[in-house]
2 protein chains.
Amino acid sequence: MAKIRPISGFPEWLPEQRLVEQQVLDTIRRGFELFGYAPIETRSVEPLDQLLKKGETDKEIYVLKRLQAEGDADADDASLGLHFDLTVPFARYVGQHRGHLRFPLRRYQIQKSWRGERPQEGRYREFYQADADVIAEGELPIHFDAEMVTVLHQVMASLPFPPVTIQVNNRKVLEGFYRALGIEEMQPVLRAADKLDKIGEDGVRALLADELGLGAAAAERCLELARIRGTGPEVVERVHALGARHPLLDQGLDELAAVMAAVAELPDGAVVADLHIARGLDYYTGTVYEGVMLGHESLGSVCSGGRYDDLATTGSGPPLPGVGVSIGVTRILGRLFGQELLTASRSTPSCVMVALVDDASRGESEAVVRALRRRGIACEVHHAAQKFGKQIRSAERKGIPYVWFTRGETTGGHEVRDITSGEQVAADPESWQPARELAGVRLVQKEE
Amino acid sequence: MAKIRPISGFPEWLPEQRLVEQQVLDTIRRGFELFGYAPIETRSVEPLDQLLKKGETDKEIYVLKRLQAEGDADADDASLGLHFDLTVPFARYVGQHRGHLRFPLRRYQIQKSWRGERPQEGRYREFYQADADVIAEGELPIHFDAEMVTVLHQVMASLPFPPVTIQVNNRKVLEGFYRALGIEEMQPVLRAADKLDKIGEDGVRALLADELGLGAAAAERCLELARIRGTGPEVVERVHALGARHPLLDQGLDELAAVMAAVAELPDGAVVADLHIARGLDYYTGTVYEGVMLGHESLGSVCSGGRYDDLATTGSGPPLPGVGVSIGVTRILGRLFGQELLTASRSTPSCVMVALVDDASRGESEAVVRALRRRGIACEVHHAAQKFGKQIRSAERKGIPYVWFTRGETTGGHEVRDITSGEQVAADPESWQPARELAGVRLVQKEE
């Protein structure tokens, strides 16, 4: 028989890790909902032309083929691919269902995406993203760009993760600045600038000069722009000090200043304007975001997003501009699990293991779990009538905090044992309650 | 621009429907967890040989190809397919991770599956299933087969669905009975029997006689067996009365009787032994389950499952027998949404819409949502400073129950309006609470 082995890039967690992941996803969901974001899910597939419309991701797409599709005249799934993000499907969804939606539409979407990239740390072929976006019909005011920062900060701060700094920039600033330098083709320069964290200043300088034919002086100006970072109006002044002038640059700086002013109340270190942020994807047209996690900068961005004024817009009706953010849940958890920084207090939802005296008295034990479950206490009967010591150890290994005995040693009746303290007391299945901190599965964060 | 259109078999819900689906999935999850089932998720893909190992589903599998994989020596995803159920992946997961798991392992798994079947009502190409299974190392006692019925009944009864009857049978009964009739090859007969609901007695009779070469008398006996249905010991007597004798038949009847006895306390109509239930999949070896929804029998089974003694077992170590059930969430919701039998009280999580007086006073409105959110109340600021009547109607259309005014008509200060009653009262953002029944999104079931 072939050995069963993991598939590179397709992570799987153990139950105690999935319990963590669920609580993380629940917290994200609650956070988005507090801001009035409504949930949607899109199908996992999109027509290939939709996926290839924007972005330099064509090489990463997984295409579907039915195993025995030959000779089957079914055009429907002739050219379907798995989505590589949640923004492109959402934009398509809004265009398709616009008659049934209310605008501006605040939506969140927590789903897996797939990319056929070569796996490495922080880069998976199947991964969870948690996105929140707003799409408006007609106009989408700039205060929504600021709302996304606030939502993202509040949600990240509510999670059991190291602190995250959100870096904000605006594509119009970059594009206006580049135009002022006489650069015509934007995408190659934007992509070069976006590689700064990966290949360093020399690498970007080489890319700009050698491959894109930019003069040394112009390349140097691009790098000077990329070094600007700050939280207040001094950012705008420093850009102006570089001397470039272009209407698009002014518009971008106004938007950036407006976003930074609107989020000024967030805690120090939560947000910074950082002019080296570009984002690789083609569909962004204004504000762009990228978040890095303290102590895990090597992981790259753990959340990101931006404004896309044209992605959802269809041939008919008013435009559908959007802005949104995305949290790289699997990227973050992969790191925290890998370094054993985050785990769950137990590997099962069960709070109580009811011991089994013998097979004949299984009904007694079953009556206890029925009573406990009626009051919302998760529990199970031990699977076999082993020695009590063995049953207790079995609960302990799963991290279950209580063992219940239907015929206790002291009273002869119902008794419950706190495994940690070893204390065992008489208890009534109809009224007993676990300690509040032991009722549910808790997350355990380890010190780095 | 190409028209954006739905893809047949890949359903998508509107936000108000996704709010329903989320509550349904939450309820299922809570139900499984009460019984001590731990969550896992498996990757969406399996190696093709794993998917083809069991079951007659080869024609339905979606295979993945990377769009630009030519010449790329990456064997890892050379032969991956999307899983068509959650049982095969779970069995593989247990074999792969057994060193890190505690047995018997109770797990639940709520994920999408994919099948390239021709779409029709109740049959999708992408769909949610919610599975609960137990896999043991060595032996899995029959009381787990009964536990699955109890779990499934409790969970289905907690959902906003019409009542479900769980039909129970045992493959050993069928196989022993067929062997007693001299039938050697089991799978074709089992599959023929499984089609009874779809093609009727005449259809099955024809299949058995013509295609499988069964004599008319033997075919008739198979149909007589399939007609047996009941809840008590009379079921076993009626099978015996048919005269067939085989050790496997006796064993199957003992198991079926044990399961039925163990669930006798469930309400009338919840469970019935029904000897026409066969289940199409090859991997079942004992107990099988199939649930039908009252008033929606035409939909076929809405939940199903069974025991599989060999599926998870690997070449080394003790066997890994399992038993489990699966709820066809998308099949059920597709029907209930299609007939408008189930919807949500609103299309957004927001409980409060804070009106916007003018752009200059946006900060006042933002302060209200911050205060409400700190106390867990989902809310949003109206996107534009329109006339109040328009802002109220905008909230109304989304089903948001309250509109908040920072400068109320009567008091000049904070006031909140209950949209349904029209009542408007002074309110403090730091202490106001919505009516309990209006705080969250509620499910609304319509009479059939």
# chains A, B, ... in the order shown; residues from 1 in each chain; ligands from 1
>>> residues_around(residues="region 305-313 of chain A", least_positions_apart="5", cutoff="8 Å", atoms="only C-alpha atoms", output="list in words")
Val88, Phe90, Ala91, Arg92, Val94, Gly95, Asp145, Tyr283, Tyr284, Thr285, Gly286, Thr287, Val288, Tyr289, Glu290, Pro318, Pro319, Leu320, Pro321, Gly322, Val323, Gly324, Val325 and Ser326 of chain A
>>> select_by_dssp(residues="region 179-414 of chain A", states="strand (DSSP E or B)", output="MDAnalysis selection string")
chainID A and resid 229:230 271:274 287:293 303:308 322:327 342:344 352:354 379:381 402:405
>>> atom_distance(atom1="CA of Leu64 (chain B)", atom2="CA of Lys65 (chain A)")
6.4 Å
>>> closest_atom_pairs(of="chain A", to="chain B", cutoff="7 Å", atoms="only C-alpha atoms", output="tab-separated table")
residue	atom	partner	partner_atom	distance
A:Met1	CA	B:Gly315	CA	6.1
A:Ile4	CA	B:Gln96	CA	5.7
A:Arg5	CA	B:Gln96	CA	6.6
A:Ile7	CA	B:Asp76	CA	6.5
A:Ser8	CA	B:Asp76	CA	6.8
A:Phe10	CA	B:Arg43	CA	6.0
A:Pro11	CA	B:Arg43	CA	6.7
A:Glu12	CA	B:Thr42	CA	5.9
A:Leu14	CA	B:Ile40	CA	6.8
A:Pro15	CA	B:Ile40	CA	5.3
A:Arg18	CA	B:Ile40	CA	5.7
A:Leu19	CA	B:Pro39	CA	6.5
A:Glu33	CA	B:Pro349	CA	5.6
A:Leu34	CA	B:Ala378	CA	3.8
A:Phe35	CA	B:Cys379	CA	5.7
A:Gly36	CA	B:Ser350	CA	4.5
A:Tyr37	CA	B:Pro349	CA	6.7
A:Ala38	CA	B:Thr348	CA	4.8
A:Pro39	CA	B:Pro15	CA	5.8
A:Ile40	CA	B:Pro15	CA	5.3
A:Glu41	CA	B:Glu12	CA	6.9
A:Thr42	CA	B:Glu12	CA	5.9
A:Arg43	CA	B:Phe10	CA	6.0
A:Lys59	CA	B:Gln68	CA	5.2
A:Glu60	CA	B:Arg66	CA	6.7
A:Ile61	CA	B:Leu67	CA	5.6
A:Tyr62	CA	B:Arg66	CA	4.5
A:Val63	CA	B:Lys65	CA	5.1
A:Leu64	CA	B:Leu64	CA	5.0
A:Lys65	CA	B:Val63	CA	5.1
A:Arg66	CA	B:Tyr62	CA	4.5
A:Leu67	CA	B:Ile61	CA	5.6
A:Gln68	CA	B:Lys59	CA	5.2
A:Asp76	CA	B:Ile7	CA	6.5
A:Gln96	CA	B:Ile4	CA	5.7
A:Gly116	CA	B:Arg66	CA	6.2
A:Gly315	CA	B:Met1	CA	6.2
A:Thr348	CA	B:Ala38	CA	4.9
A:Pro349	CA	B:Gly36	CA	5.4
A:Ser350	CA	B:Gly36	CA	4.5
A:Arg373	CA	B:Leu34	CA	6.0
A:Gly376	CA	B:Leu34	CA	6.7
A:Ile377	CA	B:Leu34	CA	6.4
A:Ala378	CA	B:Leu34	CA	3.9
A:Cys379	CA	B:Gly36	CA	5.3
A:Glu380	CA	B:Gly36	CA	5.6
>>> select_by_dssp(residues="region 42-245 of chain A", states="alpha helix (DSSP H)", output="ChimeraX atom specification")
/A:48-52,87-97,143-157,171-180,186-194,196-206,216-226,234-241
>>> write_last_selection(atoms="C-alpha atoms", output="compact mmCIF listing (two decimals), in the first residue's frame")
# COMPACT_ATOMS: atom_id res chain seq x y z
CA LEU A 48 -10.71 31.63 -16.46
CA ASP A 49 -11.22 34.89 -18.35
CA GLN A 50 -12.46 36.48 -15.13
CA LEU A 51 -9.39 35.28 -13.23
CA LEU A 52 -7.00 36.47 -15.92
CA THR A 87 -11.45 40.26 -4.23
CA VAL A 88 -11.84 39.21 -7.85
CA PRO A 89 -14.74 36.82 -7.01
CA PHE A 90 -16.43 39.48 -4.86
CA ALA A 91 -16.17 42.06 -7.63
CA ARG A 92 -17.72 39.55 -10.05
CA TYR A 93 -20.43 38.67 -7.48
CA VAL A 94 -21.42 42.31 -7.09
CA GLY A 95 -21.62 42.80 -10.84
CA GLN A 96 -23.72 39.66 -11.19
CA HIS A 97 -26.12 40.17 -8.30
CA HIS A 143 -13.71 57.99 4.47
CA PHE A 144 -14.30 54.34 3.55
CA ASP A 145 -10.55 54.02 2.88
CA ALA A 146 -10.04 55.14 6.49
CA GLU A 147 -12.80 52.84 7.79
CA MET A 148 -10.92 49.85 6.36
CA VAL A 149 -7.85 50.78 8.43
CA THR A 150 -9.97 51.05 11.58
CA VAL A 151 -11.73 47.72 10.93
CA LEU A 152 -8.45 45.99 10.20
CA HIS A 153 -6.74 47.42 13.27
CA GLN A 154 -9.62 46.56 15.62
CA VAL A 155 -9.85 43.01 14.31
CA MET A 156 -6.10 42.33 14.38
CA ALA A 157 -5.82 43.78 17.89
CA ARG A 171 -1.04 54.30 -5.80
CA LYS A 172 -1.78 57.80 -7.12
CA VAL A 173 1.17 59.16 -5.14
CA LEU A 174 3.49 56.62 -6.76
CA GLU A 175 1.97 56.95 -10.20
CA GLY A 176 1.92 60.78 -10.09
CA PHE A 177 5.50 60.84 -8.86
CA TYR A 178 6.64 58.45 -11.56
CA ARG A 179 4.81 60.44 -14.22
CA ALA A 180 6.50 63.61 -13.01
CA MET A 186 3.46 52.21 -14.59
CA GLN A 187 3.05 48.50 -13.88
CA PRO A 188 6.73 47.43 -14.27
CA VAL A 189 7.91 50.28 -12.00
CA LEU A 190 5.22 49.57 -9.41
CA ARG A 191 6.20 45.91 -9.37
CA ALA A 192 9.86 46.78 -9.01
CA ALA A 193 9.09 49.14 -6.10
CA ASP A 194 6.94 46.44 -4.47
CA LEU A 196 11.92 46.53 -1.99
CA ASP A 197 11.43 44.37 1.13
CA LYS A 198 12.50 41.25 -0.74
CA ILE A 199 15.46 42.40 -2.84
CA GLY A 200 16.60 45.59 -1.05
CA GLU A 201 17.46 49.04 -2.41
CA ASP A 202 20.29 47.81 -4.60
CA GLY A 203 18.06 45.18 -6.14
CA VAL A 204 15.32 47.70 -6.92
CA ARG A 205 17.88 50.22 -8.21
CA ALA A 206 19.24 47.57 -10.56
CA ALA A 216 20.31 56.76 -12.36
CA ALA A 217 18.92 60.07 -11.09
CA ALA A 218 15.30 59.03 -11.63
CA ALA A 219 15.90 55.64 -10.01
CA GLU A 220 17.44 57.42 -7.01
CA ARG A 221 14.38 59.66 -6.70
CA CYS A 222 12.11 56.61 -6.68
CA LEU A 223 14.16 55.16 -3.84
CA GLU A 224 14.07 58.45 -1.93
CA LEU A 225 10.29 58.39 -2.17
CA ALA A 226 10.24 54.81 -0.95
CA GLU A 234 5.36 65.85 7.59
CA VAL A 235 5.00 62.94 5.16
CA VAL A 236 3.34 65.17 2.58
CA GLU A 237 5.99 67.85 3.12
CA ARG A 238 8.81 65.38 2.60
CA VAL A 239 7.29 64.21 -0.68
CA HIS A 240 6.93 67.81 -1.83
CA ALA A 241 10.57 68.41 -0.84
>>> residues_around(residues="Gln111 (chain A)", least_positions_apart="4", cutoff="7 Å", atoms="only C-alpha atoms", output="JSON list (two decimals) with C-alpha atoms, in the first residue's frame")
[["chain", "number", "residue", "atom", "x", "y", "z"],
["A", 128, "TYR", "CA", -7.66, 30.87, 4.38],
["A", 129, "GLN", "CA", -8.15, 34.56, 3.81],
["A", 130, "ALA", "CA", -10.55, 36.77, 5.73]]
>>> residues_around(residues="Ala355 (chain A)", least_positions_apart="5", cutoff="12 Å", atoms="only C-alpha atoms", output="VMD selection string")
chain A and resid 361 to 366 368 to 369 379 to 395 402 to 408 414 to 417
>>> write_last_selection(atoms="C-alpha atoms", output="PDB file, in the first residue's frame")
ATOM      1  CA  SER A 361     -24.351   0.360  33.566  1.00  0.00           C
ATOM      2  CA  ARG A 362     -23.704   2.332  30.382  1.00  0.00           C
ATOM      3  CA  GLY A 363     -27.254   3.702  30.692  1.00  0.00           C
ATOM      4  CA  GLU A 364     -26.308   5.451  33.972  1.00  0.00           C
ATOM      5  CA  SER A 365     -23.403   7.206  32.297  1.00  0.00           C
ATOM      6  CA  GLU A 366     -25.503   8.078  29.252  1.00  0.00           C
ATOM      7  CA  VAL A 368     -25.394  11.979  32.930  1.00  0.00           C
ATOM      8  CA  VAL A 369     -24.214  13.191  29.514  1.00  0.00           C
ATOM      9  CA  CYS A 379     -19.148  15.888  27.330  1.00  0.00           C
ATOM     10  CA  GLU A 380     -18.681  12.246  26.418  1.00  0.00           C
ATOM     11  CA  VAL A 381     -18.842   8.805  28.033  1.00  0.00           C
ATOM     12  CA  HIS A 382     -15.514   6.972  28.215  1.00  0.00           C
ATOM     13  CA  HIS A 383     -15.514   4.442  25.414  1.00  0.00           C
ATOM     14  CA  ALA A 384     -14.628   1.374  27.497  1.00  0.00           C
ATOM     15  CA  ALA A 385     -15.081   0.146  31.062  1.00  0.00           C
ATOM     16  CA  GLN A 386     -11.402   0.252  31.929  1.00  0.00           C
ATOM     17  CA  LYS A 387      -9.877   0.815  35.376  1.00  0.00           C
ATOM     18  CA  PHE A 388     -10.725   4.284  36.622  1.00  0.00           C
ATOM     19  CA  GLY A 389      -7.046   5.296  36.720  1.00  0.00           C
ATOM     20  CA  LYS A 390      -6.829   4.521  33.031  1.00  0.00           C
ATOM     21  CA  GLN A 391     -10.025   6.420  32.279  1.00  0.00           C
ATOM     22  CA  ILE A 392      -8.717   9.461  34.178  1.00  0.00           C
ATOM     23  CA  ARG A 393      -5.418   9.370  32.283  1.00  0.00           C
ATOM     24  CA  SER A 394      -7.324   9.065  29.022  1.00  0.00           C
ATOM     25  CA  ALA A 395      -9.230  12.286  29.842  1.00  0.00           C
ATOM     26  CA  TYR A 402     -13.301  16.924  34.639  1.00  0.00           C
ATOM     27  CA  VAL A 403     -14.065  13.232  35.110  1.00  0.00           C
ATOM     28  CA  TRP A 404     -17.541  12.273  36.347  1.00  0.00           C
ATOM     29  CA  PHE A 405     -18.249   9.128  38.384  1.00  0.00           C
ATOM     30  CA  THR A 406     -21.769   7.792  38.652  1.00  0.00           C
ATOM     31  CA  ARG A 407     -20.871   5.724  41.719  1.00  0.00           C
ATOM     32  CA  GLY A 408     -18.311   7.822  43.597  1.00  0.00           C
ATOM     33  CA  HIS A 414     -22.503  11.127  41.529  1.00  0.00           C
ATOM     34  CA  GLU A 415     -19.097  12.729  42.053  1.00  0.00           C
ATOM     35  CA  VAL A 416     -16.979  14.904  39.797  1.00  0.00           C
ATOM     36  CA  ARG A 417     -13.196  15.152  39.862  1.00  0.00           C
TER      37      ARG A 417
END
>>> residues_around(residues="Pro429 (chain A)", least_positions_apart="2", cutoff="6 Å", atoms="only C-alpha atoms", output="list in words")
Val368, Ala371, Ser431 and Trp432 of chain A
>>> write_last_selection(atoms="N, CA and C atoms", output="mmCIF file, in the first residue's frame")
data_model
loop_
_atom_site.group_PDB
_atom_site.id
_atom_site.type_symbol
_atom_site.label_atom_id
_atom_site.label_comp_id
_atom_site.auth_asym_id
_atom_site.auth_seq_id
_atom_site.Cartn_x
_atom_site.Cartn_y
_atom_site.Cartn_z
ATOM 1 N N VAL A 368 -26.150 10.806 32.476
ATOM 2 C CA VAL A 368 -25.394 11.979 32.930
ATOM 3 C C VAL A 368 -25.073 12.903 31.745
ATOM 4 N N ALA A 371 -28.057 14.855 30.612
ATOM 5 C CA ALA A 371 -28.390 15.966 31.512
ATOM 6 C C ALA A 371 -27.419 17.133 31.319
ATOM 7 N N SER A 431 -27.554 20.169 37.942
ATOM 8 C CA SER A 431 -27.236 21.530 38.378
ATOM 9 C C SER A 431 -25.735 21.858 38.403
ATOM 10 N N TRP A 432 -24.861 20.854 38.359
ATOM 11 C CA TRP A 432 -23.423 21.118 38.448
ATOM 12 C C TRP A 432 -22.950 22.015 37.303
#
>>> residues_around(residues="region 120-122 of chain B", least_positions_apart="2", cutoff="10 Å", atoms="only C-alpha atoms", output="MDAnalysis selection string")
chainID B and resid 8:9 117:118 124:125 127 298:302 328 330:335 338
>>> write_last_selection(atoms="N, CA and C atoms", output="short mmCIF file (atom, residue, chain, number, x, y, z; two decimals), in the first residue's frame")
data_model
loop_
_atom_site.label_atom_id
_atom_site.label_comp_id
_atom_site.auth_asym_id
_atom_site.auth_seq_id
_atom_site.Cartn_x
_atom_site.Cartn_y
_atom_site.Cartn_z
N SER B 8 -23.77 26.77 -13.59
CA SER B 8 -24.71 25.74 -13.17
C SER B 8 -24.07 24.79 -12.15
N GLY B 9 -24.77 24.56 -11.04
CA GLY B 9 -24.28 23.62 -10.03
C GLY B 9 -23.41 24.23 -8.96
N GLU B 117 -20.96 16.12 -11.31
CA GLU B 117 -22.21 15.53 -11.81
C GLU B 117 -23.05 16.56 -12.54
N ARG B 118 -23.97 16.05 -13.35
CA ARG B 118 -24.89 16.96 -14.02
C ARG B 118 -25.79 17.58 -12.96
N TYR B 124 -25.66 19.39 -6.47
CA TYR B 124 -24.80 20.51 -6.83
C TYR B 124 -23.40 20.01 -7.16
N ARG B 125 -22.65 20.85 -7.81
CA ARG B 125 -21.25 20.53 -8.12
C ARG B 125 -20.32 21.00 -7.00
N PHE B 127 -20.79 21.93 -2.83
CA PHE B 127 -21.81 21.89 -1.77
C PHE B 127 -21.16 21.70 -0.41
N SER B 298 -39.19 14.13 -1.96
CA SER B 298 -38.71 14.12 -3.35
C SER B 298 -37.25 14.55 -3.46
N LEU B 299 -36.74 15.19 -2.40
CA LEU B 299 -35.36 15.66 -2.40
C LEU B 299 -34.39 14.50 -2.21
N GLY B 300 -34.90 13.34 -1.82
CA GLY B 300 -34.00 12.22 -1.50
C GLY B 300 -33.42 12.40 -0.11
N SER B 301 -32.33 11.73 0.17
CA SER B 301 -31.78 11.79 1.53
C SER B 301 -31.12 13.14 1.78
N VAL B 302 -31.40 13.70 2.94
CA VAL B 302 -30.82 14.99 3.33
C VAL B 302 -29.67 14.80 4.32
N GLY B 328 -26.42 17.02 4.47
CA GLY B 328 -26.32 17.70 3.17
C GLY B 328 -26.84 19.13 3.26
N THR B 330 -26.14 22.08 1.85
CA THR B 330 -26.49 22.86 0.65
C THR B 330 -27.75 22.29 -0.01
N ARG B 331 -27.87 20.95 -0.01
CA ARG B 331 -29.08 20.34 -0.58
C ARG B 331 -30.32 20.86 0.14
N ILE B 332 -30.27 20.88 1.47
CA ILE B 332 -31.43 21.31 2.26
C ILE B 332 -31.70 22.81 2.06
N LEU B 333 -30.64 23.62 2.18
CA LEU B 333 -30.85 25.07 2.08
C LEU B 333 -31.27 25.46 0.67
N GLY B 334 -30.72 24.78 -0.34
CA GLY B 334 -31.12 25.07 -1.72
C GLY B 334 -32.62 24.92 -1.87
N ARG B 335 -33.19 23.84 -1.29
CA ARG B 335 -34.63 23.62 -1.34
C ARG B 335 -35.39 24.69 -0.56
N GLY B 338 -35.09 28.03 -2.19
CA GLY B 338 -35.81 28.02 -3.47
C GLY B 338 -37.31 28.16 -3.27
#
>>> atom_distance(atom1="CA of Val20 (chain A)", atom2="CA of Arg279 (chain A)")
29.6 Å
